[in-house]
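Comments concern the structure below.
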Amino acid sequence: MSAAPRDASNAERALDALAAGECGVISDIDGDPSIARRLMELGLVPGTDIEMIRRAPLGDPLEVRVRGVHLSLRRTEARHIHVAAR
Amino acid sequence: MSPHAEPAPRRIAILGNPNAGKSTLFNALTGLRQKVGNYPGVTVEKKTGFCDLPSGRRAEIVDLPGSYSLQPASPDEMIVRDVLLGLQADTPPPDLIVFVVDATNLDRHLYLALQVIELGRPLLLVLNMMDMAGARGLRIDERALERQLGVPVLGISAAKGEGLPALRELMDRDVEPSARHFRQWPPHLQRVLDRLEQRVPRHATLPARARHDLALAMLLDHGEDDALARHVPPEALADARTIAQSLDQRSPDWRSEDVTGRYEEISTLLAEAVIAAGERGDRRRDRIDRVLTHRVAGPVVFVVLMGAVFQSVFAWAQPAMDLIDLLVNRLGTVVGHAMPAGALRSLLVDGIIAGVGTTLTFVPQIAILFLFLCVLEDSGYMARAAFIMDRIMSRVGLSGRSFIPLLSSFACAIPGIMATRSIDNRRDRLATIMIAPFMSCSARLPVYALLIGAFVPNRWVGFVTLPGITLFAMYFLGIAAAISVAWVLKRTALKGGRPLYVMELPPYRMPSWRSVLITVRERSLLFLQKAGTVILAVSVVLWFLASYPKGGAAVHALESQKAAAVMAGDSAQAGVLDHRIAGAALEHSFAGQVGRFIEPSIAPLGFDWRFGIGLITSLAAREVMVSTMATVFNLGNVDSHVRPLRQSLREATDARTGQRAYTPLAGISLMVFYVLACQCMSTLAVVRRETNSWRWPIFMLVMMNAMAWVASFAVFQGGKLLGFGA
């Protein structure tokens, strides 16, 4: 997963940079490994489609849709989720 | 076995992800035959119920907390893992697991299902919400799923009651456990796990396959897994930590390799079992959310909705509370007339019946509040409220989930503390419980009203009045104290690793009235059992303290004056003397003595022994202070004497100096004390129950009362220094 050369794919962005309504494919989750594991257990495994639905009224947290489930994530976590263009 | 002995009930556990519809199914199967308790030593709720199976056999059903994984990330998930693995002493592993999944989100829900199926325990897979799946054109081949998973599969709709007879039928049967294995470990990890598995002690109830899960738990553990600490020798845990570190150096991805593998397995599985994928989005939900979580409309709706809830709690509860008050007073009068005067009548009327009355008057508020909270939760709105409030609450280290329990605490801290069960993070939940009593509850309002009326002049300051500002300041002080305490707690006693705040925003659903009513009933009964018994006990003790010892020179003198007045036919004078007798008797009683005893400790706050008595009787419920003061000031113990009571407070004199006993500053100081002090014994009883320990309620008592004393001291002494003491 982290073996993917990040600098080479300029299309890859952090999840919190997506605009509402934008979709992508999860390429990698870095940061705290137990948090990464937990997010994957919730279905955010690399290769999964993810859609940014909206931001909360005060800008944080974010609402995303993964595998038909809507999740609320804080930006601090979303920053570690890398998304490639579909 | 004797012919009358009932066979042991079949033990069935309902399990699944949050939002799979577990509780709806549990309620549909058990109805009112439920009991709610705690798992020993933890704050996790244990729900058990009974139902009859078609063969006539009884089933004892445990509703396990919703979980996402067998590798636990919360106390709830730890309990689920421990029960399934047979490590939970009070809850033996079930005879049958009813695993509930949301048919419209099969892939995500099957993640935990596969983990549990691999344990090799008898399991039924229930596909819930099949009605919704059908409406969206999703078609699942249940037989194909059965073949692949090796367990019986049944589609139902718990909310509509569809498929429940078939489910009961299946629950009655013996189910062969699945022999399937879905996971593939990378070889180097497999070797490590095999080695660690040898270090897990053999345990009678631990299935052979579960040893593998424990081995993985050992590798992933950060020292927070209590069951591991109990069951695995410390050297083995230390070794596992060393191995984890060396694996980390090779590549940190090992921690999630099994997760990725399992999801791959699930997509292969579903490729065969799902005949038609159907529409995945939910247009209705999107439409509603566009308003309810809108940047502007979202917060507006939230504020209006919360306002409406609280207005209704007060508006609807008041008539019921008045009615209860009336009935209890009637009962007191009837009993009072039926019995000869004496200690027993006094105990019954002034102690027990009054205590029961105090307890019962809380019930309407609690029931109505939980009615709303439950509807908000079950409809899916609660998660949106948390979504909107998360940013604000994160400033003090909490999450959006803490907001509603704190808001509820403005009605009464008890339902607020009970509502913290929806907070899944243990530290956040404890912090929320600890700050909930700082929210000015409705029982403080009569005290504020009395003291503001007595000591704060009714003057206009710009657009507002001085009493209005004072009342607002008291509420604000409580909130400020709560924020500070939460901030400190989250950096000291409740400090922990950075938690992951991820929350599901479930689809909107029509709440089931049955489920709502079951919850309301259960919460009200819980209050009566836990808080009610405490209020009753405190009332009886306070009755004793306020009634004994009898007599005293002052009382005797007043009684002979009264006798003279009665002889002279002066009934007005006799009535006044009655009130003075009551006041003198209270002064002579243990309560009066205690008030005098604690006077030196509260004198620096501007309080004398009379306020001391008020502080003591507030232990039953804070608003009792008002009627106590009425008795102390010889007005009789009737609540309708607020106006003369205000005057008495203003004009009260100190017997020793002959000067005014209370300055306005003392009134403010007393209000500040009521904002911050922990006086409510029933709150402590509920904290004891919800935290399952004595540590937290004792800490709460000491912390809050220390803060109250210091703050009142600062207000009174500081105010005097600044020249406000006159």
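Going through the structure tokens in order, the chains are called A, B, and so on, while each chain numbers its residues from 1 and the ligands are numbered from 1 in the order shown.
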Q) Taking only C-alpha atoms into account, what are the residues of chain B at most 9 Å from chain A, put as a PyMOL selection string? A) chain B and resi 68-69+73+104-105+107-108+111-112+220+251-253+255-257+259-260+263+280-282+293-296+298-299+387-392+499-507
Q: Report the residues of region 53-100 of chain B whose backbone DSSP state falls under strand (DSSP E or B), written as a PyMOL selection string.
A: chain B and resi 58-63+96-100
Q. Could you name the residues that touch Pro122 (chain B) at 9 Å or less, counting only C-alpha atoms, but leaving out those on the same chain fewer than 5 positions away, as an MDAnalysis selection string?
A. chainID B and resid 94:98 117 151 174:178
Q. Which residues in chain A does DSSP call alpha helix (DSSP H)? List them as a VMD selection string.
A. chain A and resid 33 to 41 75 to 78
Keeping only N, CA and C atoms, write the selected residues as an mmCIF file, in the first residue's frame.
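Saved as part11.cif:
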data_model
loop_
_atom_site.group_PDB
_atom_site.id
_atom_site.type_symbol
_atom_site.label_atom_id
_atom_site.label_comp_id
_atom_site.auth_asym_id
_atom_site.auth_seq_id
_atom_site.Cartn_x
_atom_site.Cartn_y
_atom_site.Cartn_z
ATOM 1 N N PRO A 33 -0.961 3.547 12.973
ATOM 2 C CA PRO A 33 -1.378 2.274 12.367
ATOM 3 C C PRO A 33 -2.647 1.682 12.984
ATOM 4 N N SER A 34 -2.918 1.918 14.289
ATOM 5 C CA SER A 34 -4.148 1.315 14.824
ATOM 6 C C SER A 34 -5.370 2.076 14.325
ATOM 7 N N ILE A 35 -5.224 3.387 14.119
ATOM 8 C CA ILE A 35 -6.348 4.144 13.552
ATOM 9 C C ILE A 35 -6.562 3.724 12.103
ATOM 10 N N ALA A 36 -5.463 3.520 11.383
ATOM 11 C CA ALA A 36 -5.573 3.076 9.990
ATOM 12 C C ALA A 36 -6.285 1.733 9.931
ATOM 13 N N ARG A 37 -5.924 0.823 10.852
ATOM 14 C CA ARG A 37 -6.562 -0.491 10.878
ATOM 15 C C ARG A 37 -8.060 -0.349 11.121
ATOM 16 N N ARG A 38 -8.411 0.500 12.076
ATOM 17 C CA ARG A 38 -9.810 0.680 12.411
ATOM 18 C C ARG A 38 -10.601 1.221 11.220
ATOM 19 N N LEU A 39 -10.031 2.216 10.552
ATOM 20 C CA LEU A 39 -10.728 2.783 9.390
ATOM 21 C C LEU A 39 -10.929 1.708 8.326
ATOM 22 N N MET A 40 -9.925 0.841 8.166
ATOM 23 C CA MET A 40 -10.068 -0.224 7.168
ATOM 24 C C MET A 40 -11.143 -1.217 7.601
ATOM 25 N N GLU A 41 -11.188 -1.505 8.890
ATOM 26 C CA GLU A 41 -12.234 -2.418 9.371
ATOM 27 C C GLU A 41 -13.607 -1.846 9.080
ATOM 28 N N ARG A 75 -11.339 16.038 10.329
ATOM 29 C CA ARG A 75 -10.314 16.355 9.329
ATOM 30 C C ARG A 75 -8.959 15.782 9.700
ATOM 31 N N THR A 76 -8.671 15.730 11.010
ATOM 32 C CA THR A 76 -7.365 15.197 11.422
ATOM 33 C C THR A 76 -7.184 13.766 10.928
ATOM 34 N N GLU A 77 -8.272 12.988 10.862
ATOM 35 C CA GLU A 77 -8.161 11.623 10.345
ATOM 36 C C GLU A 77 -8.196 11.619 8.818
ATOM 37 N N ALA A 78 -9.074 12.469 8.271
ATOM 38 C CA ALA A 78 -9.244 12.494 6.815
ATOM 39 C C ALA A 78 -7.936 12.878 6.121
#
Within 12 Å of Ala14 (chain A) using only C-alpha atoms, minus same-chain residues under 6 positions, as a PDB file with C-alpha atoms, in the first residue's frame:
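As a result, selection37.pdb now contains:
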ATOM      1  CA  ARG A   6       3.138   9.135  -3.898  1.00  0.00           C
ATOM      2  CA  GLY A  24     -12.260   9.029  -5.612  1.00  0.00           C
ATOM      3  CA  VAL A  25     -10.628   5.708  -4.824  1.00  0.00           C
ATOM      4  CA  ILE A  26      -8.822   5.183  -1.525  1.00  0.00           C
ATOM      5  CA  SER A  27      -5.172   4.521  -2.316  1.00  0.00           C
ATOM      6  CA  ASP A  28      -3.572   4.478   1.099  1.00  0.00           C
ATOM      7  CA  ILE A  29      -4.087   5.333   4.779  1.00  0.00           C
ATOM      8  CA  ASP A  30      -1.037   6.453   6.742  1.00  0.00           C
ATOM      9  CA  ILE A  50     -15.241   7.036  -1.533  1.00  0.00           C
ATOM     10  CA  MET A  52     -17.196  13.360  -0.089  1.00  0.00           C
ATOM     11  CA  ARG A  75     -10.314  16.355   9.329  1.00  0.00           C
ATOM     12  CA  THR A  76      -7.365  15.197  11.422  1.00  0.00           C
ATOM     13  CA  GLU A  77      -8.161  11.623  10.345  1.00  0.00           C
ATOM     14  CA  ALA A  78      -9.244  12.494   6.815  1.00  0.00           C
ATOM     15  CA  ARG A  79      -5.842  14.084   6.230  1.00  0.00           C
ATOM     16  CA  HIS A  80      -4.249  10.636   6.485  1.00  0.00           C
ATOM     17  CA  ILE A  81      -6.558   9.037   3.942  1.00  0.00           C
ATOM     18  CA  HIS A  82      -5.155   9.377   0.435  1.00  0.00           C
ATOM     19  CA  VAL A  83      -7.505   9.316  -2.488  1.00  0.00           C
ATOM     20  CA  ALA A  84      -6.741   8.882  -6.185  1.00  0.00           C
ATOM     21  CA  ALA A  85      -8.920  10.013  -9.048  1.00  0.00           C
TER      22      ALA A  85
END
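Note that CA of Ser627 (chain B) and CA of Thr333 (chain B) are 17.7 Å apart.
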Q.
Rounded to one decimal, what separation in Å do you get between CA of Ile12 (chain B) and CA of Val274 (chain B)?
A.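 These atoms are spaced 28.3 Å apart.
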Q.
Neighbouring residues of Ser379 (chain B) were defined as those with any atom within 12 Å, considering only C-alpha atoms; residues of the same chain fewer than 4 positions away were excluded. Please report them as a VMD selection string.
A. chain B and resid 19 285 288 372 to 375 383 to 385 505 to 513 515 to 516
Could you dump the residues just selected with C-alpha atoms as an mmCIF file, in the first residue's frame?
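Printed below is result.cif as written:
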data_model
loop_
_atom_site.group_PDB
_atom_site.id
_atom_site.type_symbol
_atom_site.label_atom_id
_atom_site.label_comp_id
_atom_site.auth_asym_id
_atom_site.auth_seq_id
_atom_site.Cartn_x
_atom_site.Cartn_y
_atom_site.Cartn_z
ATOM 1 C CA ASN B 19 -27.493 0.234 13.053
ATOM 2 C CA ARG B 285 -32.032 10.604 2.964
ATOM 3 C CA ILE B 288 -33.492 15.409 4.239
ATOM 4 C CA PHE B 372 -37.790 12.730 22.858
ATOM 5 C CA LEU B 373 -34.211 11.487 23.135
ATOM 6 C CA CYS B 374 -35.265 8.035 22.038
ATOM 7 C CA VAL B 375 -37.236 9.332 19.052
ATOM 8 C CA ALA B 383 -26.125 11.422 14.826
ATOM 9 C CA ARG B 384 -26.758 14.601 12.789
ATOM 10 C CA ALA B 385 -26.935 16.665 15.969
ATOM 11 C CA LEU B 505 -24.721 8.669 10.022
ATOM 12 C CA PRO B 506 -27.533 6.121 9.709
ATOM 13 C CA PRO B 507 -30.394 6.446 7.251
ATOM 14 C CA TYR B 508 -33.537 8.142 8.543
ATOM 15 C CA ARG B 509 -36.086 5.713 9.898
ATOM 16 C CA MET B 510 -39.506 5.973 11.414
ATOM 17 C CA PRO B 511 -38.979 5.180 15.106
ATOM 18 C CA SER B 512 -40.850 2.136 16.338
ATOM 19 C CA TRP B 513 -43.239 3.245 19.072
ATOM 20 C CA SER B 515 -39.100 0.358 21.073
ATOM 21 C CA VAL B 516 -39.503 3.950 22.223
#
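CA of Leu670 (chain B) to CA of Gly355 (chain B) spans 24.8 Å [interatomic distance, one decimal].
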Give me the residues near region 649-651 of chain B as an mmCIF file with C-alpha atoms, in the first residue's frame, where near means some atom within 10 Å (using only C-alpha atoms) and where sequence neighbours in that chain fewer than 2 positions away do not count.
data_model
loop_
_atom_site.group_PDB
_atom_site.id
_atom_site.type_symbol
_atom_site.label_atom_id
_atom_site.label_comp_id
_atom_site.auth_asym_id
_atom_site.auth_seq_id
_atom_site.Cartn_x
_atom_site.Cartn_y
_atom_site.Cartn_z
ATOM 1 C CA LEU B 450 -36.107 32.746 45.828
ATOM 2 C CA LEU B 451 -32.673 34.274 46.277
ATOM 3 C CA GLY B 453 -36.293 37.777 44.432
ATOM 4 C CA ALA B 454 -34.927 38.406 47.904
ATOM 5 C CA PHE B 455 -31.610 40.041 47.141
ATOM 6 C CA MET B 629 -36.314 28.118 54.760
ATOM 7 C CA ALA B 630 -40.041 28.764 55.040
ATOM 8 C CA PHE B 633 -38.507 31.643 59.144
ATOM 9 C CA PRO B 644 -43.139 36.706 52.447
ATOM 10 C CA LEU B 645 -40.149 34.366 52.508
ATOM 11 C CA ARG B 646 -38.178 36.772 50.321
ATOM 12 C CA GLN B 647 -38.991 39.543 52.733
ATOM 13 C CA THR B 653 -31.318 39.640 61.720
ATOM 14 C CA ASP B 654 -28.378 38.084 63.425
ATOM 15 C CA GLN B 659 -27.742 43.506 62.381
ATOM 16 C CA ARG B 660 -29.010 42.255 59.045
ATOM 17 C CA ALA B 661 -28.091 38.572 58.729
ATOM 18 C CA TYR B 662 -27.747 38.429 54.954
ATOM 19 C CA THR B 663 -26.420 41.052 52.622
ATOM 20 C CA PRO B 664 -27.226 40.773 48.912
ATOM 21 C CA GLY B 667 -27.424 35.830 48.586
#
Q) What's the 6 Å shell around Pro697 (chain B), counting only C-alpha atoms, without same-chain residues fewer than 2 positions away, as a ChimeraX atom specification? A) /B:684,687-688,694-695,699-700
Selection file, all heavy atoms, as a short mmCIF file (atom, residue, chain, number, x, y, z; two decimals), in the first residue's frame:
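Dumped everything to again31.cif:
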data_model
loop_
_atom_site.label_atom_id
_atom_site.label_comp_id
_atom_site.auth_asym_id
_atom_site.auth_seq_id
_atom_site.Cartn_x
_atom_site.Cartn_y
_atom_site.Cartn_z
N LEU B 684 -25.58 11.17 42.61
CA LEU B 684 -24.42 10.34 42.98
C LEU B 684 -24.76 8.86 42.82
O LEU B 684 -23.93 8.07 42.37
CB LEU B 684 -23.99 10.63 44.42
CG LEU B 684 -23.30 11.98 44.61
CD1 LEU B 684 -22.98 12.21 46.08
CD2 LEU B 684 -22.03 12.06 43.78
N VAL B 687 -24.57 8.07 39.20
CA VAL B 687 -23.17 8.04 38.75
C VAL B 687 -22.51 6.73 39.20
O VAL B 687 -21.78 6.10 38.44
CB VAL B 687 -22.38 9.25 39.30
CG1 VAL B 687 -20.89 9.12 38.99
CG2 VAL B 687 -22.91 10.54 38.71
N ARG B 688 -22.82 6.34 40.41
CA ARG B 688 -22.29 5.07 40.92
C ARG B 688 -22.71 3.91 40.01
O ARG B 688 -21.92 3.07 39.65
CB ARG B 688 -22.80 4.85 42.35
CG ARG B 688 -22.91 3.42 42.82
CD ARG B 688 -21.59 2.86 43.33
NE ARG B 688 -21.70 1.44 43.60
CZ ARG B 688 -21.42 0.49 42.71
NH1 ARG B 688 -20.98 0.83 41.52
NH2 ARG B 688 -21.55 -0.77 43.02
N TRP B 694 -17.24 3.28 42.89
CA TRP B 694 -17.44 4.31 43.90
C TRP B 694 -16.49 5.47 43.69
O TRP B 694 -16.66 6.54 44.24
CB TRP B 694 -17.23 3.74 45.31
CG TRP B 694 -18.42 2.97 45.77
CD1 TRP B 694 -18.52 1.61 45.90
CD2 TRP B 694 -19.69 3.50 46.16
NE1 TRP B 694 -19.78 1.28 46.31
CE2 TRP B 694 -20.52 2.41 46.49
CE3 TRP B 694 -20.20 4.80 46.24
CZ2 TRP B 694 -21.83 2.58 46.90
CZ3 TRP B 694 -21.51 4.97 46.65
CH2 TRP B 694 -22.31 3.86 46.98
N ARG B 695 -15.42 5.21 42.93
CA ARG B 695 -14.37 6.21 42.75
C ARG B 695 -14.93 7.49 42.14
O ARG B 695 -14.68 8.58 42.64
CB ARG B 695 -13.30 5.63 41.84
CG ARG B 695 -11.92 5.89 42.35
CD ARG B 695 -10.90 5.25 41.45
NE ARG B 695 -11.03 5.76 40.10
CZ ARG B 695 -10.52 5.14 39.04
NH1 ARG B 695 -9.91 3.98 39.19
NH2 ARG B 695 -10.62 5.66 37.85
N PHE B 699 -15.26 11.16 43.84
CA PHE B 699 -14.49 12.24 43.24
C PHE B 699 -15.39 13.43 42.89
O PHE B 699 -15.06 14.58 43.16
CB PHE B 699 -13.79 11.70 41.98
CG PHE B 699 -13.06 12.75 41.19
CD1 PHE B 699 -12.02 13.48 41.76
CD2 PHE B 699 -13.40 13.02 39.87
CE1 PHE B 699 -11.35 14.45 41.04
CE2 PHE B 699 -12.74 13.99 39.14
CZ PHE B 699 -11.72 14.71 39.71
N MET B 700 -16.57 13.11 42.34
CA MET B 700 -17.51 14.17 41.97
C MET B 700 -17.92 14.98 43.20
O MET B 700 -17.89 16.21 43.18
CB MET B 700 -18.76 13.54 41.33
CG MET B 700 -19.85 14.53 40.98
SD MET B 700 -21.29 13.71 40.27
CE MET B 700 -20.82 13.66 38.57
#
Q.
Counting only C-alpha atoms, which residue out of B:Val624, B:Val686, B:Ala276, B:Leu477 sits closest to Ala711 (chain B)?
A. B:Leu477
